[in-house]
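**Student:** First, the structure itself, so that you have it in front of you.
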Amino acid sequence: MKKNNLASFLLMHAGFLIYSFYTVLGKIAAKYDFLSLQFCIFYCILILILFIYAIVWQQVLKVIPLSFATANKASTIVWGMFWSFLFFQEDITLKKIVGAVIIITGIILLSSATNTEDQKNEQ
């Protein structure tokens with residue numbers, strides 16, 4: 001992977017990390033009464049996170065093909081599992097781990113297939 005592509009790949013996954021955190025804020029906001037001050041604060045932060053993610057996503061799509069980027073977006077499921085464990089003490093079951101491994105395997109397979117196609121197109 002070229003240095004520029006690696007930086008774009010890391011930026012993409014940093015964006016996914018940011019994006020995955022919106023679920024935590026939504027769950028925390030849901031604990032408060034609708035339109036209470038705390039509810040509004042958490043939802044405003046949530047909207048800010050989605051705004052930042054949208055900017056990062058657009059920058060990533062300038063460099064990385066949409067099909068590859070969209071397939072990698074599935075990694076947010078793994079982050080969601082991590083956040084739910086960290087913030088809400090939810091269990092990480094064997095089924096969840098197997099699902100995460102399947103997702104990561106799919107991302108790796110798609111990444112290697114995309115790299116092979118790119119190399120063929122360059123020749």
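Chains: A, B, ... in order of the structure tokens. Residues: from 1 per chain. Ligands: from 1, in order shown.
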Report as a tab-separated table (two decimals) with C-alpha atoms, in the first residue's frame all protein, DNA and RNA residues lying within 10 Å of segment 72-74 of chain A, evaluated on only C-alpha atoms, omitting residues in the same chain fewer than 3 positions from it.

**Tutor:**
```tsv
chain	number	residue	atom	x	y	z
A	9	PHE	CA	-6.98	4.31	4.85
A	12	MET	CA	-11.08	6.54	6.78
A	13	HIS	CA	-10.91	4.34	9.86
A	15	GLY	CA	-13.68	8.64	10.62
A	16	PHE	CA	-15.36	5.32	11.34
A	17	LEU	CA	-14.15	5.50	14.93
A	19	TYR	CA	-18.87	7.81	13.51
A	20	SER	CA	-19.28	4.78	15.77
A	66	LEU	CA	-16.70	4.10	-2.84
A	67	SER	CA	-17.12	0.30	-2.95
A	68	PHE	CA	-13.97	-0.21	-0.87
A	69	ALA	CA	-14.84	2.56	1.61
A	77	ILE	CA	-19.87	-2.79	14.17
A	78	VAL	CA	-16.67	-3.81	15.92
A	79	TRP	CA	-16.29	-0.33	17.41
A	100	ALA	CA	-16.71	-9.40	14.22
A	103	ILE	CA	-16.63	-8.78	9.22
A	104	ILE	CA	-12.87	-8.21	9.54
A	106	GLY	CA	-14.51	-9.74	4.66
A	107	ILE	CA	-12.77	-6.37	4.87
A	108	ILE	CA	-9.36	-8.03	4.42
A	110	LEU	CA	-12.15	-7.04	-0.20
A	111	SER	CA	-9.02	-4.99	0.45
```

**Student:** Hey, which of A:Leu48, A:Leu35, A:Ala14, A:Ala71 ends up closest to Thr105 of chain A? Count only C-alpha atoms.

**Tutor:**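 Nearest to Thr105 of chain A: A:Ala71.
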